[in-house]
Amino acid sequence: MNRRLMEGSEAIAEAMVAAGCRFFSGYPMTPFTEVLEHMARLLPTVGGVNMNAESELEAVGMAWGAAAGGTRAATGSVGQGLSLMQESLAELCIARVPLVVINMARGQGDYFQATRGGGHGDYRHIVLAPADIPEAVRLVQLAFHLADVWRNPVTFLGDYYLAHVQEAVDTSRIDFGPVPPKDWALDGSSSGTGHARIVSPIMPAKRGGAERISYAAHLESLGTHVHAMASGVDPLVETGFIDDAELVVAAYGTPARYIRYVVARLRDEGIPVGFVRPITLWPFPAEAVAQAAAGARAVAVYELNTGQMYDDVRLAVRNIPVHFIGGLSFDPSGFGIAPDLGVENLMTKLRRTLDDVRRQSA
Amino acid sequence: MTSIPLLPADRPPDRPSRLVDDFTPRLLLPGEHSFCPGCGEPAVMRAVAELVDELEMTTRSVGVIGIGCYTGFAGALDIEVLQALHGRAPSLATGLKRSRPDTIVFTVQGDGDMVNEGLQEVLHSAARGERITSILLNNGVFGETGGHMTATTVLGQRTKNTLEGRNAPDHGYPIRLSDILAGIDGTAYVARGATNSAGNVSRLRRMLRKAFEVQAAGLGFSFVEVLTMCPTGWFIETEEAPDYLSNSLAEVHTIGVVKDITAA
């Protein structure tokens with residue numbers, strides 16, 4: 001155990017290096033900038049490479065090149081910068097390149113972008129959303145593991161609070177078990193053998209080789225891959241006080257951390273509320289959410305947007321009402337350090353919601 | 001003077017005919033292709049495949065290929081290939097080369113890919129002095145879409161979206177990329193060749209060889225622009241294309257070595 005007090009962005013960077021990340025590329029944008037700063041400092045000390053890319057387009061391209069060479073690589077940005085990267089993120093999934101994307105979101109308006117993707121084509125990527133720094137340290141390492149296991153990009157979804165809150169954390173390497181060998185990676189060694197390797201979204205194999213498959217078969221196999229991820233990635237959730245809860249609140253990320261605290265405070269007052277916090281946002285842990293809500297009168301979704309994860313919860317919970325109790329909550333900086341995220345405010349909100357639910361179901 | 005032995009015509013030959021010399025480059029996987037007659041791109045890819053072999057760089061070479069007609073070579077080269085999106089080859093090549101410094105990394109892009117879609121990628125890669133070799137196949141037209149104007153289309157050139165010929169007031173001026181790159185400190189070698197004559201192809205081979213040597217020596221960014229024929233996209237007869245190249249494209253994009261930091 002080697003705990004040290006540090007800012008979330010530093011902890012995330014240290015955990016990435018501990019996980020074996022040896023290539024990072026980025027373009028500054030708060031609160032992603034802070035992760036980039038720490039990677040620029042840390043990577044050269046372990047023989048890694050940090051690239052200060054000239055734009056988000058090049059940042060994702062550089063990380064793509066490094067990942068295709070078999071190096072554990074990551075890039076990232078905030079929602080706006082990730083908008084620029086969407087073409088590449090879509091094609092990285094189709095080309096089956098394992099890459100970790102650090103999405104240090106501003107607020108929660110980009111849930112759809114993170115979980116659905118804004119690019120073209122029939123692709124998915126795994127999304128992990130921590131609520132505090134010890135969990136961030138674990139999940140960012142899990143992201144590299146899952147990327148290698150599934151040969152697919154994985155998004156780590158943080159936010160401004162995660163980047164800037166300080167907590168005492170241990171950032172040493174976590175062993176998630178073996179990953180498949182990267183026998184597809186490029187280093188030139190298969191050139192001239194008659195079976196030179198290719199990493200491509202449009203051409204799964206070169207001509208002539210026994211492994212040659214058609215483009216149609218390639219697309220077919222990607223569909224199988226998406227379904228395998230959807231059912232094969234372990235759904236992660238945290239629940240609290242759900243056993244006798246009349247109202248279960250669903251939230252993710254930093255707002256879920258507030259909900260977790262507020263629910264515990266309300267329980268101290270004897271108010272029967274519970275919470276469920278999806279950690280894997282894609283695949284969405286629908287069964288676990290439904291199970292968490294099974295004994296409740298209603299579910300309330302709290303998120304800092306106009307209702308995005310709300311859709312996923314409604315798809316998961318069909319037999320009881322699902323209410324949206326979040327809302328846009330931006331301070332003038334636009335970082336999602338919202339006035340709505342206050343303990344007293346949320347306690348009032350949950351009390352009132354429970355009253356409404358009781359009235360409606362009476 | 002050597003005389004060519006004639007086969008006797010009054011009886012069948014005593015041994016089956018055979019190909020006296022196989023000119024197929026070792027690093028080319030033969031098969032069907034989708035190139036038009038008179039296309040200038042295969043001559044460049046042949047030179048690249050032969051040079052990688054000659055320079056004994058085969059087992060550490062990776063090609064990063066853009067999107068255009070030449071993308072077909074991604075599957076035809078027996079060299080490892082990383083397929084890039086349109087315009088994005090230099091950043092992928094950067095990531096690969098920086099994370100695996102022992103590799104020899106070359107990019108192949110057309111003028112639409114490199115000069116239109118991804119101009120900032122090549123400029124910044126050059127400025128960073130990336131130790132890669134970038135190849136621009138410049139035919140002054142979007143060949144794959146069927147003959148549309150690119151950033152290198154010369155004034156007067158007819159394309160499907162400059163029907164009366166490119167004119168400066170409406171369509172601006174062509175970008176002479178090699179000349180821009182030569183002015184960037186990170187470039188070690190910049191040359192512009194062509195495929196419209198046997199002499200020019202020989203000269204192009206020397207340029208490409210130099211570019212790969214510059215990369216292997218770690219001297220900086222090496223760049224070879226190649227003017228290639230596209231009779232289909234130029235809407236002219238196949239046999240007119242080499243002269244058309246000389247009289248139009250090469251008048252603006254001048255053939256020759258533009259920068260060589262190794263020259264005495």
# chains A, B, ... in the order shown; residues from 1 in each chain; ligands from 1
$ interface_residues --of "chain B" --to "chain A" --cutoff "6 Å" --atoms "only C-alpha atoms" --output "compact mmCIF listing (two decimals) with N, CA and C atoms, in the first residue's frame"
# COMPACT_ATOMS: atom_id res chain seq x y z
N LEU B 27 8.29 -7.86 -53.47
CA LEU B 27 7.37 -7.43 -52.43
C LEU B 27 5.99 -7.05 -52.98
N THR B 58 13.26 -4.59 -45.65
CA THR B 58 11.96 -5.27 -45.73
C THR B 58 11.37 -5.58 -44.37
N THR B 59 12.12 -6.24 -43.51
CA THR B 59 11.52 -6.75 -42.27
C THR B 59 11.40 -5.70 -41.18
N ARG B 60 11.62 -4.45 -41.53
CA ARG B 60 11.28 -3.40 -40.57
C ARG B 60 10.47 -2.28 -41.23
N SER B 61 9.91 -2.57 -42.41
CA SER B 61 9.17 -1.54 -43.12
C SER B 61 7.66 -1.67 -42.92
N VAL B 62 7.03 -0.51 -42.71
CA VAL B 62 5.57 -0.44 -42.65
C VAL B 62 5.13 0.74 -43.51
N GLY B 75 -3.39 -3.87 -50.15
CA GLY B 75 -3.53 -5.32 -50.14
C GLY B 75 -2.58 -6.02 -51.08
N ASP B 78 3.54 -6.78 -50.35
CA ASP B 78 3.92 -7.72 -49.30
C ASP B 78 4.78 -6.98 -48.27
N ILE B 79 4.27 -5.83 -47.89
CA ILE B 79 4.88 -4.99 -46.85
C ILE B 79 3.75 -4.69 -45.87
N GLU B 80 4.06 -4.68 -44.59
CA GLU B 80 3.01 -4.40 -43.60
C GLU B 80 2.38 -3.05 -43.88
N VAL B 81 1.08 -2.98 -43.71
CA VAL B 81 0.35 -1.75 -44.03
C VAL B 81 -0.54 -1.34 -42.87
N LEU B 82 -0.47 -0.05 -42.58
CA LEU B 82 -1.42 0.57 -41.66
C LEU B 82 -2.29 1.49 -42.49
N GLN B 83 -3.57 1.16 -42.58
CA GLN B 83 -4.47 1.96 -43.40
C GLN B 83 -4.91 3.20 -42.63
N SER B 91 -0.07 11.55 -39.23
CA SER B 91 -0.16 11.41 -37.77
C SER B 91 -0.06 9.94 -37.36
N LEU B 92 -0.65 9.04 -38.14
CA LEU B 92 -0.52 7.62 -37.82
C LEU B 92 0.95 7.18 -37.93
N ALA B 93 1.60 7.66 -38.99
CA ALA B 93 3.00 7.32 -39.19
C ALA B 93 3.85 7.87 -38.04
N THR B 94 3.50 9.06 -37.56
CA THR B 94 4.22 9.65 -36.43
C THR B 94 4.11 8.77 -35.20
N GLY B 95 2.88 8.35 -34.88
CA GLY B 95 2.68 7.52 -33.69
C GLY B 95 3.41 6.19 -33.79
N LEU B 96 3.37 5.60 -34.99
CA LEU B 96 4.03 4.31 -35.18
C LEU B 96 5.55 4.45 -35.07
N SER B 99 6.77 5.34 -31.51
CA SER B 99 6.67 4.26 -30.53
C SER B 99 7.53 3.06 -30.93
$ residues_around --residues "A:Gly158" --least-positions-apart "2" --cutoff "6 Å" --atoms "only C-alpha atoms" --output "PyMOL selection string"
chain A and resi 103-105
$ select_by_dssp --residues "stretch 214-321 of chain A" --states "strand (DSSP E or B)" --output "list of chain:residue names"
A:Val237, A:Glu238, A:Thr239, A:Gly240, A:Leu247, A:Val248, A:Val249, A:Ala250, A:Val273, A:Gly274, A:Phe275, A:Val276, A:Arg277, A:Pro278, A:Thr280, A:Leu281, A:Trp282, A:Ala298, A:Val299, A:Ala300, A:Val301
$ residues_around --residues "B:Met114" --least-positions-apart "4" --cutoff "10 Å" --atoms "only C-alpha atoms" --output "list in words"
Gly66, Ile67, His86, Gly87, Arg88, Ala89, Pro90, Val108, Gln109, Gly110, Gly118, Leu119, Gln120, Glu121, Val122, Leu123, Ser134, Ile135, Leu136, Leu137, Asn138, Ala151 and Leu177 of chain B
$ write_last_selection --atoms "N, CA and C atoms" --output "PDB file, in the first residue's frame"
ATOM      1  N   GLY B  66      -2.949   6.168 -47.511  1.00  0.00           N
ATOM      2  CA  GLY B  66      -4.139   7.020 -47.447  1.00  0.00           C
ATOM      3  C   GLY B  66      -5.276   6.456 -48.280  1.00  0.00           C
ATOM      4  N   ILE B  67      -6.228   7.330 -48.590  1.00  0.00           N
ATOM      5  CA  ILE B  67      -7.411   6.897 -49.339  1.00  0.00           C
ATOM      6  C   ILE B  67      -7.410   7.547 -50.714  1.00  0.00           C
ATOM      7  N   HIS B  86      -8.649   9.326 -44.809  1.00  0.00           N
ATOM      8  CA  HIS B  86      -8.311  10.338 -45.808  1.00  0.00           C
ATOM      9  C   HIS B  86      -7.634  11.542 -45.130  1.00  0.00           C
ATOM     10  N   GLY B  87      -6.405  11.816 -45.508  1.00  0.00           N
ATOM     11  CA  GLY B  87      -5.674  12.966 -44.971  1.00  0.00           C
ATOM     12  C   GLY B  87      -4.858  12.695 -43.732  1.00  0.00           C
ATOM     13  N   ARG B  88      -5.013  11.529 -43.125  1.00  0.00           N
ATOM     14  CA  ARG B  88      -4.477  11.327 -41.771  1.00  0.00           C
ATOM     15  C   ARG B  88      -3.220  10.467 -41.706  1.00  0.00           C
ATOM     16  N   ALA B  89      -2.624  10.107 -42.822  1.00  0.00           N
ATOM     17  CA  ALA B  89      -1.477   9.191 -42.782  1.00  0.00           C
ATOM     18  C   ALA B  89      -0.298   9.733 -41.961  1.00  0.00           C
ATOM     19  N   PRO B  90       0.057  11.027 -42.069  1.00  0.00           N
ATOM     20  CA  PRO B  90       1.250  11.476 -41.323  1.00  0.00           C
ATOM     21  C   PRO B  90       1.129  11.339 -39.805  1.00  0.00           C
ATOM     22  N   VAL B 108       1.926   6.952 -48.116  1.00  0.00           N
ATOM     23  CA  VAL B 108       1.540   7.146 -49.513  1.00  0.00           C
ATOM     24  C   VAL B 108       0.196   7.873 -49.515  1.00  0.00           C
ATOM     25  N   GLN B 109       0.176   9.045 -50.092  1.00  0.00           N
ATOM     26  CA  GLN B 109      -1.053   9.829 -50.166  1.00  0.00           C
ATOM     27  C   GLN B 109      -1.142  10.485 -51.536  1.00  0.00           C
ATOM     28  N   GLY B 110      -2.349  10.743 -51.984  1.00  0.00           N
ATOM     29  CA  GLY B 110      -2.533  11.505 -53.206  1.00  0.00           C
ATOM     30  C   GLY B 110      -2.628  12.988 -52.903  1.00  0.00           C
ATOM     31  N   GLY B 118      -5.687  16.781 -45.717  1.00  0.00           N
ATOM     32  CA  GLY B 118      -4.797  16.660 -44.557  1.00  0.00           C
ATOM     33  C   GLY B 118      -3.579  17.557 -44.597  1.00  0.00           C
ATOM     34  N   LEU B 119      -3.712  18.758 -45.157  1.00  0.00           N
ATOM     35  CA  LEU B 119      -2.524  19.609 -45.337  1.00  0.00           C
ATOM     36  C   LEU B 119      -1.812  19.881 -44.019  1.00  0.00           C
ATOM     37  N   GLN B 120      -2.577  20.134 -42.942  1.00  0.00           N
ATOM     38  CA  GLN B 120      -1.885  20.472 -41.698  1.00  0.00           C
ATOM     39  C   GLN B 120      -1.102  19.281 -41.159  1.00  0.00           C
ATOM     40  N   GLU B 121      -1.533  18.064 -41.477  1.00  0.00           N
ATOM     41  CA  GLU B 121      -0.810  16.885 -40.978  1.00  0.00           C
ATOM     42  C   GLU B 121       0.601  16.829 -41.550  1.00  0.00           C
ATOM     43  N   VAL B 122       0.714  17.030 -42.846  1.00  0.00           N
ATOM     44  CA  VAL B 122       2.041  16.920 -43.469  1.00  0.00           C
ATOM     45  C   VAL B 122       2.905  18.107 -43.064  1.00  0.00           C
ATOM     46  N   LEU B 123       2.313  19.283 -42.931  1.00  0.00           N
ATOM     47  CA  LEU B 123       3.105  20.458 -42.546  1.00  0.00           C
ATOM     48  C   LEU B 123       3.683  20.280 -41.140  1.00  0.00           C
ATOM     49  N   SER B 134       7.553  10.555 -46.629  1.00  0.00           N
ATOM     50  CA  SER B 134       6.199  10.791 -47.138  1.00  0.00           C
ATOM     51  C   SER B 134       6.237  10.895 -48.649  1.00  0.00           C
ATOM     52  N   ILE B 135       5.331  10.179 -49.275  1.00  0.00           N
ATOM     53  CA  ILE B 135       5.262  10.174 -50.741  1.00  0.00           C
ATOM     54  C   ILE B 135       3.930  10.774 -51.160  1.00  0.00           C
ATOM     55  N   LEU B 136       4.013  11.785 -51.997  1.00  0.00           N
ATOM     56  CA  LEU B 136       2.800  12.419 -52.532  1.00  0.00           C
ATOM     57  C   LEU B 136       2.651  12.019 -53.988  1.00  0.00           C
ATOM     58  N   LEU B 137       1.552  11.332 -54.307  1.00  0.00           N
ATOM     59  CA  LEU B 137       1.248  11.000 -55.697  1.00  0.00           C
ATOM     60  C   LEU B 137       0.368  12.123 -56.223  1.00  0.00           C
ATOM     61  N   ASN B 138       0.961  13.014 -57.010  1.00  0.00           N
ATOM     62  CA  ASN B 138       0.262  14.228 -57.428  1.00  0.00           C
ATOM     63  C   ASN B 138      -0.117  14.144 -58.901  1.00  0.00           C
ATOM     64  N   ALA B 151      -6.326  20.704 -54.720  1.00  0.00           N
ATOM     65  CA  ALA B 151      -5.560  21.904 -54.398  1.00  0.00           C
ATOM     66  C   ALA B 151      -4.338  22.059 -55.298  1.00  0.00           C
ATOM     67  N   LEU B 177       3.310  22.116 -52.978  1.00  0.00           N
ATOM     68  CA  LEU B 177       3.618  21.646 -51.626  1.00  0.00           C
ATOM     69  C   LEU B 177       5.113  21.459 -51.395  1.00  0.00           C
TER      70      LEU B 177
END
$ select_by_dssp --residues "stretch 184-276 of chain A" --states "alpha helix (DSSP H)" --output "NGL selection string"
:A and (215-232 or 253-268)
$ write_last_selection --atoms "C-alpha atoms" --output "PDB file, in the first residue's frame"
ATOM      1  CA  TYR A 215     -15.182  -7.205 -47.009  1.00  0.00           C
ATOM      2  CA  ALA A 216     -18.711  -8.476 -46.431  1.00  0.00           C
ATOM      3  CA  ALA A 217     -17.412 -11.227 -44.163  1.00  0.00           C
ATOM      4  CA  HIS A 218     -15.306  -8.604 -42.362  1.00  0.00           C
ATOM      5  CA  LEU A 219     -18.397  -6.481 -41.642  1.00  0.00           C
ATOM      6  CA  GLU A 220     -20.281  -9.600 -40.615  1.00  0.00           C
ATOM      7  CA  SER A 221     -17.561 -10.455 -38.109  1.00  0.00           C
ATOM      8  CA  LEU A 222     -17.746  -6.915 -36.670  1.00  0.00           C
ATOM      9  CA  GLY A 223     -21.423  -7.454 -35.908  1.00  0.00           C
ATOM     10  CA  THR A 224     -20.541 -10.632 -34.055  1.00  0.00           C
ATOM     11  CA  HIS A 225     -17.827  -8.705 -32.216  1.00  0.00           C
ATOM     12  CA  VAL A 226     -20.270  -5.975 -31.084  1.00  0.00           C
ATOM     13  CA  HIS A 227     -22.724  -8.564 -29.775  1.00  0.00           C
ATOM     14  CA  ALA A 228     -19.925 -10.434 -28.025  1.00  0.00           C
ATOM     15  CA  MET A 229     -18.865  -7.224 -26.239  1.00  0.00           C
ATOM     16  CA  ALA A 230     -22.440  -6.345 -25.347  1.00  0.00           C
ATOM     17  CA  SER A 231     -22.936  -9.658 -23.583  1.00  0.00           C
ATOM     18  CA  GLY A 232     -19.339 -10.364 -22.591  1.00  0.00           C
ATOM     19  CA  GLY A 253     -19.939   9.961 -12.327  1.00  0.00           C
ATOM     20  CA  THR A 254     -19.389  12.784  -9.872  1.00  0.00           C
ATOM     21  CA  PRO A 255     -23.137  13.551  -9.479  1.00  0.00           C
ATOM     22  CA  ALA A 256     -23.540   9.927  -8.369  1.00  0.00           C
ATOM     23  CA  ARG A 257     -20.989  10.568  -5.679  1.00  0.00           C
ATOM     24  CA  TYR A 258     -23.259  13.355  -4.365  1.00  0.00           C
ATOM     25  CA  ILE A 259     -26.299  11.094  -4.651  1.00  0.00           C
ATOM     26  CA  ARG A 260     -24.492   8.356  -2.731  1.00  0.00           C
ATOM     27  CA  TYR A 261     -23.805  10.782   0.108  1.00  0.00           C
ATOM     28  CA  VAL A 262     -27.247  12.392   0.049  1.00  0.00           C
ATOM     29  CA  VAL A 263     -29.016   9.030   0.100  1.00  0.00           C
ATOM     30  CA  ALA A 264     -26.990   7.998   3.173  1.00  0.00           C
ATOM     31  CA  ARG A 265     -27.921  11.282   4.900  1.00  0.00           C
ATOM     32  CA  LEU A 266     -31.610  10.761   4.112  1.00  0.00           C
ATOM     33  CA  ARG A 267     -31.389   7.213   5.437  1.00  0.00           C
ATOM     34  CA  ASP A 268     -30.084   8.650   8.710  1.00  0.00           C
TER      35      ASP A 268
END
$ residues_around --residues "B:Ser197" --least-positions-apart "4" --cutoff "9 Å" --atoms "only C-alpha atoms" --output "PyMOL selection string"
chain B and resi 201-202+242
$ write_last_selection --atoms "C-alpha atoms" --output "compact mmCIF listing (two decimals), in the first residue's frame"
# COMPACT_ATOMS: atom_id res chain seq x y z
CA VAL B 201 11.22 7.05 -63.46
CA SER B 202 14.96 6.35 -63.12
CA PRO B 242 2.86 11.80 -70.53
$ atom_distance --atom1 "atom CA of A:Ala168" --atom2 "atom CA of A:Gly109"
29.0 Å
$ residues_around --residues "A:Gly295" --least-positions-apart "2" --cutoff "10 Å" --atoms "only C-alpha atoms" --output "PyMOL selection string"
chain A and resi 242-248+290-293+297-298+320
$ closest_residue --among "B:Asn247, B:Thr24, B:Thr133, B:Asn196" --to "B:Gln157" --atoms "only C-alpha atoms"
B:Asn247
$ closest_residue --among "A:Val78, A:Leu354, A:Val317, A:Val100" --to "A:Gln141" --atoms "only C-alpha atoms"
A:Val100
$ residues_around --residues "stretch 2-9 of chain A" --least-positions-apart "2" --cutoff "8 Å" --atoms "only C-alpha atoms" --output "VMD selection string"
chain A and resid 11 to 13 34 to 35 38 133 136 162 to 172
$ write_last_selection --atoms "N, CA and C atoms" --output "PDB file, in the first residue's frame"
ATOM      1  N   ALA A  11      -3.351  11.376 -10.513  1.00  0.00           N
ATOM      2  CA  ALA A  11      -3.582   9.967 -10.181  1.00  0.00           C
ATOM      3  C   ALA A  11      -3.933   9.168 -11.431  1.00  0.00           C
ATOM      4  N   ILE A  12      -4.756   9.769 -12.290  1.00  0.00           N
ATOM      5  CA  ILE A  12      -5.147   9.090 -13.529  1.00  0.00           C
ATOM      6  C   ILE A  12      -3.905   8.862 -14.400  1.00  0.00           C
ATOM      7  N   ALA A  13      -3.059   9.888 -14.504  1.00  0.00           N
ATOM      8  CA  ALA A  13      -1.843   9.762 -15.313  1.00  0.00           C
ATOM      9  C   ALA A  13      -0.920   8.694 -14.736  1.00  0.00           C
ATOM     10  N   GLU A  34      -4.911  18.867 -17.792  1.00  0.00           N
ATOM     11  CA  GLU A  34      -4.145  18.498 -16.605  1.00  0.00           C
ATOM     12  C   GLU A  34      -3.600  17.077 -16.744  1.00  0.00           C
ATOM     13  N   VAL A  35      -4.375  16.177 -17.363  1.00  0.00           N
ATOM     14  CA  VAL A  35      -3.895  14.811 -17.584  1.00  0.00           C
ATOM     15  C   VAL A  35      -2.720  14.846 -18.560  1.00  0.00           C
ATOM     16  N   HIS A  38       0.512  15.923 -16.906  1.00  0.00           N
ATOM     17  CA  HIS A  38       1.161  14.886 -16.100  1.00  0.00           C
ATOM     18  C   HIS A  38       1.760  13.796 -16.981  1.00  0.00           C
ATOM     19  N   ILE A 133     -11.702   9.145  -7.042  1.00  0.00           N
ATOM     20  CA  ILE A 133     -10.361   8.965  -7.584  1.00  0.00           C
ATOM     21  C   ILE A 133      -9.819   7.547  -7.387  1.00  0.00           C
ATOM     22  N   ALA A 136     -11.267   5.786 -10.138  1.00  0.00           N
ATOM     23  CA  ALA A 136     -10.697   6.232 -11.414  1.00  0.00           C
ATOM     24  C   ALA A 136      -9.368   5.531 -11.681  1.00  0.00           C
ATOM     25  N   LEU A 162     -13.305  15.096 -11.002  1.00  0.00           N
ATOM     26  CA  LEU A 162     -12.345  13.992 -10.940  1.00  0.00           C
ATOM     27  C   LEU A 162     -10.941  14.482 -11.242  1.00  0.00           C
ATOM     28  N   ALA A 163     -10.837  15.463 -12.127  1.00  0.00           N
ATOM     29  CA  ALA A 163      -9.523  15.979 -12.476  1.00  0.00           C
ATOM     30  C   ALA A 163      -8.917  16.775 -11.336  1.00  0.00           C
ATOM     31  N   HIS A 164      -9.747  17.438 -10.530  1.00  0.00           N
ATOM     32  CA  HIS A 164      -9.205  18.431  -9.600  1.00  0.00           C
ATOM     33  C   HIS A 164      -9.337  18.124  -8.123  1.00  0.00           C
ATOM     34  N   VAL A 165     -10.231  17.203  -7.757  1.00  0.00           N
ATOM     35  CA  VAL A 165     -10.322  16.853  -6.343  1.00  0.00           C
ATOM     36  C   VAL A 165      -9.060  16.095  -5.937  1.00  0.00           C
ATOM     37  N   GLN A 166      -8.587  16.326  -4.720  1.00  0.00           N
ATOM     38  CA  GLN A 166      -7.423  15.594  -4.228  1.00  0.00           C
ATOM     39  C   GLN A 166      -7.875  14.504  -3.271  1.00  0.00           C
ATOM     40  N   GLU A 167      -7.322  13.332  -3.469  1.00  0.00           N
ATOM     41  CA  GLU A 167      -7.582  12.227  -2.542  1.00  0.00           C
ATOM     42  C   GLU A 167      -6.294  11.448  -2.361  1.00  0.00           C
ATOM     43  N   ALA A 168      -6.230  10.700  -1.254  1.00  0.00           N
ATOM     44  CA  ALA A 168      -5.077   9.835  -1.023  1.00  0.00           C
ATOM     45  C   ALA A 168      -5.319   8.533  -1.766  1.00  0.00           C
ATOM     46  N   VAL A 169      -4.466   8.226  -2.732  1.00  0.00           N
ATOM     47  CA  VAL A 169      -4.673   7.022  -3.537  1.00  0.00           C
ATOM     48  C   VAL A 169      -3.374   6.266  -3.760  1.00  0.00           C
ATOM     49  N   ASP A 170      -3.557   4.996  -4.026  1.00  0.00           N
ATOM     50  CA  ASP A 170      -2.449   4.121  -4.395  1.00  0.00           C
ATOM     51  C   ASP A 170      -2.562   3.890  -5.899  1.00  0.00           C
ATOM     52  N   THR A 171      -1.531   4.270  -6.640  1.00  0.00           N
ATOM     53  CA  THR A 171      -1.615   4.163  -8.100  1.00  0.00           C
ATOM     54  C   THR A 171      -0.782   3.005  -8.644  1.00  0.00           C
ATOM     55  N   SER A 172      -0.459   2.031  -7.785  1.00  0.00           N
ATOM     56  CA  SER A 172       0.366   0.940  -8.323  1.00  0.00           C
ATOM     57  C   SER A 172      -0.447   0.043  -9.257  1.00  0.00           C
TER      58      SER A 172
END
$ residues_around --residues "stretch 178-194 of chain B" --least-positions-apart "6" --cutoff "7 Å" --atoms "only C-alpha atoms" --output "PyMOL selection string"
chain B and resi 123+126-129+200-201+204+207+211+219-228+255-261
$ atom_distance --atom1 "atom CA of A:Phe241" --atom2 "atom CA of A:Ala143"
28.5 Å
$ atom_distance --atom1 "atom CA of B:Leu163" --atom2 "atom CA of B:His148"
9.6 Å
$ decode --residues "stretch 169-184 of chain B" --atoms "N, CA and C atoms" --output "PDB file, in the first residue's frame"
ATOM      1  N   PRO B 169      -9.641  33.525 -60.216  1.00  0.00           N
ATOM      2  CA  PRO B 169     -10.671  34.274 -59.483  1.00  0.00           C
ATOM      3  C   PRO B 169     -11.716  33.367 -58.832  1.00  0.00           C
ATOM      4  N   ASP B 170     -12.097  32.300 -59.514  1.00  0.00           N
ATOM      5  CA  ASP B 170     -13.130  31.426 -58.962  1.00  0.00           C
ATOM      6  C   ASP B 170     -12.559  30.336 -58.063  1.00  0.00           C
ATOM      7  N   HIS B 171     -11.413  29.802 -58.425  1.00  0.00           N
ATOM      8  CA  HIS B 171     -10.949  28.571 -57.766  1.00  0.00           C
ATOM      9  C   HIS B 171      -9.604  28.711 -57.063  1.00  0.00           C
ATOM     10  N   GLY B 172      -9.017  29.873 -57.110  1.00  0.00           N
ATOM     11  CA  GLY B 172      -7.740  30.065 -56.434  1.00  0.00           C
ATOM     12  C   GLY B 172      -6.583  29.432 -57.186  1.00  0.00           C
ATOM     13  N   TYR B 173      -5.433  29.472 -56.550  1.00  0.00           N
ATOM     14  CA  TYR B 173      -4.198  29.013 -57.197  1.00  0.00           C
ATOM     15  C   TYR B 173      -3.774  27.642 -56.671  1.00  0.00           C
ATOM     16  N   PRO B 174      -3.053  26.879 -57.474  1.00  0.00           N
ATOM     17  CA  PRO B 174      -2.566  25.577 -56.995  1.00  0.00           C
ATOM     18  C   PRO B 174      -1.518  25.748 -55.894  1.00  0.00           C
ATOM     19  N   ILE B 175      -1.515  24.790 -54.958  1.00  0.00           N
ATOM     20  CA  ILE B 175      -0.508  24.773 -53.884  1.00  0.00           C
ATOM     21  C   ILE B 175       0.686  23.953 -54.359  1.00  0.00           C
ATOM     22  N   ARG B 176       1.870  24.569 -54.320  1.00  0.00           N
ATOM     23  CA  ARG B 176       3.099  23.832 -54.669  1.00  0.00           C
ATOM     24  C   ARG B 176       3.708  23.319 -53.365  1.00  0.00           C
ATOM     25  N   LEU B 177       3.310  22.116 -52.978  1.00  0.00           N
ATOM     26  CA  LEU B 177       3.618  21.646 -51.626  1.00  0.00           C
ATOM     27  C   LEU B 177       5.113  21.459 -51.395  1.00  0.00           C
ATOM     28  N   SER B 178       5.826  20.890 -52.376  1.00  0.00           N
ATOM     29  CA  SER B 178       7.257  20.650 -52.159  1.00  0.00           C
ATOM     30  C   SER B 178       7.980  21.957 -51.842  1.00  0.00           C
ATOM     31  N   ASP B 179       7.552  23.027 -52.504  1.00  0.00           N
ATOM     32  CA  ASP B 179       8.230  24.304 -52.284  1.00  0.00           C
ATOM     33  C   ASP B 179       7.956  24.840 -50.880  1.00  0.00           C
ATOM     34  N   ILE B 180       6.746  24.583 -50.394  1.00  0.00           N
ATOM     35  CA  ILE B 180       6.431  24.994 -49.022  1.00  0.00           C
ATOM     36  C   ILE B 180       7.256  24.165 -48.034  1.00  0.00           C
ATOM     37  N   LEU B 181       7.283  22.842 -48.251  1.00  0.00           N
ATOM     38  CA  LEU B 181       7.973  21.953 -47.308  1.00  0.00           C
ATOM     39  C   LEU B 181       9.473  22.238 -47.264  1.00  0.00           C
ATOM     40  N   ALA B 182      10.032  22.635 -48.399  1.00  0.00           N
ATOM     41  CA  ALA B 182      11.467  22.909 -48.433  1.00  0.00           C
ATOM     42  C   ALA B 182      11.827  24.063 -47.503  1.00  0.00           C
ATOM     43  N   GLY B 183      10.866  24.937 -47.241  1.00  0.00           N
ATOM     44  CA  GLY B 183      11.123  26.071 -46.363  1.00  0.00           C
ATOM     45  C   GLY B 183      10.921  25.764 -44.885  1.00  0.00           C
ATOM     46  N   ILE B 184      10.591  24.518 -44.581  1.00  0.00           N
ATOM     47  CA  ILE B 184      10.358  24.142 -43.183  1.00  0.00           C
ATOM     48  C   ILE B 184      11.618  23.478 -42.628  1.00  0.00           C
TER      49      ILE B 184
END
